[in-house]
Amino acid sequence: MADIIIEKAPVLKKMAAKKLQDAGMAREDAGTVADILVYADLRGVHSHGVLRVEHYAKRIRSGGINLAMKLKLKMLKPNIGLLDAQGGMGHNAAKFAMGEAIKIAAKRGIALVGVKNASHCGALAYYAQMAIDAKMMGMACVNTDSCMAPFGGRKAFFGTNPFAFGFPAKKDAILLDMATSEVAFGKVLHAREKNMTIPDTWGVDAEGHKCTDPHKVVSVVPFGGAKGNGVAVMVEALTGLMIGGVFGPHLVTMYGQYEKRRNISNFFFVVDPKVFGAKPSYLATAQKMIDELHAQEPAPGFEKVFIPGEIEYNTMKRYAKEGIPVPKGVYEFLAEKN
Ligand SMILES: NC(=O)c1ccc[n+]([C@@H]2O[C@H](COP(=O)([O-])OP(=O)(O)OC[C@H]3O[C@@H](n4cnc5c(N)ncnc54)[C@H](O)[C@@H]3O)[C@@H](O)[C@H]2O)c1
């Protein structure tokens with residue numbers, strides 16, 4: 001068997017959903033999670049794809065995910081809602097919360113929805129894409145447990161606190177989805193496996209020194225120094241501070257504490273740009289901007305100027321046709337009968 005198996009998205013979805021059902025999830029909930037995971041794989045974001053099923057199944061079996069979560073939005077103001085995910089699966093809670101935010105924004109122009117006591121929700125692009133599909137601006141943020149040294153600090157404090165931002169255009173869309181760390185910790189682990197040196201901008205050792213030896217890296221660092229650090233702080237403020245009351249070091253960890261329900265917070269912000277009545281319409285202007293960006297002359301060493309999310313959209317089209325590459329070990333886990 002090759003190291004990589006190529007599999008079509010619908011088959012992969014069924015395999016992932018089946019494994020989650022075997023662990024105890026209800027059929028519909030497992031289907032939703034599988035859909036969100038395969039969406040990430042289709043975009044080439046494999047770190048947040050079906051690779052994670054084994055971890056979720058372990059957490060479910062250990063009691064660290066509440067499979068009886070009730071999805072009920074508490075309205076705090078006419079356009080502000082709060083969902084207590086009660087330690088349930090983050091993907092299901094986040095999809096529900098973004099769906100509610102879109103419905104509210106369709107009526108009131110703008111919506112804020114917070115989620116507290118959630119588990120890991122995967123790649124945020126999925127939720128921003130939901131807003132794009134509704135022709136709205138959508139933002140999604142989540143706080144994560146410590147693995148990133150704050151700018152000027154020695155030890156991990158914040159998590160990689162990602163955010164996604166979606167804005168529709170007539171034909172294309174802008175879809176920025178990024179962690180606030182320079183790289184995901186997974187990239188350091190990969191370099192360890194391959195015994196490769198890494199750029200000194202990725203992480204720090206136990207004394208807080210920049211280092212190129214992946215075996216010595218204990219924390220990743222924010223992208224862009226103090227500025228990325230500031231964005232990570234902002235994400236924490238929008239989530240842990242404003243919604244859940246728990247930040248970085250106080251979050252139940254992802255790897256470890258498997259029997260404990262997690263206390264992650266999400267923030268969803270949706271605007272229906274129609275309310276501003278811009279002429280020409282925001283969809284036409286966004287497309288004009290994208291087209292003008294695409295017409296920019298690339299700098300030496302660059303193929304073209306891409307818009308955020310474009311590389312992933314291209315990957316998605318290709319993988320939808322050709323199939324998704326899945327590491328053999330991950331595929332074997334998904335295929336294995338319980
Ligand atoms: N749920 C969680 O707890 C959690 C935590 C951390 C990360 N994540 C997810 O991890 C995933 C990966 O994050 P990342 O920071 O490694 O992303 P990344 O560095 O691969 O991409 C960041 C963004 O930059 C854009 N981009 C890349 N190259 C570009 C180019 N040449 N021109 C224009 N734009 C370009 C991409 O389209 C993307 O929107 C995301 O889906 C994120 O939501 C989730």
# chains A, B, ... in the order shown; residues from 1 in each chain; ligands from 1
call {"tool": "residues_near_ligand", "arguments": {"ligand": "ligand 1", "cutoff": "8 Å", "atoms": "only C-alpha atoms and all ligand atoms", "output": "PyMOL selection string"}}
result
chain A and resi 40+45+47-48+120-125+142-144+159-164+175-184+305-312
call {"tool": "select_by_dssp", "arguments": {"residues": "range 82-323 of chain A", "states": "strand (DSSP E)", "output": "ChimeraX atom specification"}}
result
/A:82-84,110-118,137-142,163-168,173-178,203-204,219-220,264-271
call {"tool": "closest_atom_pairs", "arguments": {"of": "range 72-148 of chain A", "to": "range 219-227 of chain A", "cutoff": "12 Å", "atoms": "only C-alpha atoms", "output": "Markdown table"}}
result
| residue | atom | partner | partner_atom | distance |
| --- | --- | --- | --- | --- |
| A:Asp145 | CA | A:Ser219 | CA | 11.9 |
| A:Ser146 | CA | A:Ser219 | CA | 8.7 |
| A:Cys147 | CA | A:Ser219 | CA | 5.3 |
| A:Met148 | CA | A:Val220 | CA | 4.7 |
call {"tool": "closest_atom_pairs", "arguments": {"of": "range 181-271 of chain A", "to": "range 72-88 of chain A", "cutoff": "7 Å", "atoms": "only C-alpha atoms", "output": "JSON lines"}}
result
{"residue": "A:Arg261", "atom": "CA", "partner": "A:Gly87", "partner_atom": "CA", "distance": 4.8}
{"residue": "A:Arg262", "atom": "CA", "partner": "A:Gly87", "partner_atom": "CA", "distance": 5.4}
{"residue": "A:Asn263", "atom": "CA", "partner": "A:Gly87", "partner_atom": "CA", "distance": 6.7}
call {"tool": "atom_distance", "arguments": {"atom1": "CA of Asp200 in chain A", "atom2": "CA of Gly230 in chain A"}}
result
20.4 Å
call {"tool": "select_by_dssp", "arguments": {"residues": "range 172-309 of chain A", "states": "helix (DSSP H, G or I)", "output": "PyMOL selection string"}}
result
chain A and resi 185-194+214-216+226-244+248-250+273-276+282-294
call {"tool": "closest_residue", "arguments": {"among": "A:Lys260, A:Lys279, A:Lys95, A:Lys171", "to": "Arg59 in chain A", "atoms": "only C-alpha atoms"}}
result
A:Lys260
call {"tool": "closest_residue", "arguments": {"among": "A:Ile290, A:Met242, A:Met25, A:Ala111", "to": "Met69 in chain A", "atoms": "only C-alpha atoms"}}
result
A:Met25
call {"tool": "closest_residue", "arguments": {"among": "A:Cys211, A:Ala17, A:Val231, A:Val113", "to": "Asp29 in chain A", "atoms": "only C-alpha atoms"}}
result
A:Ala17
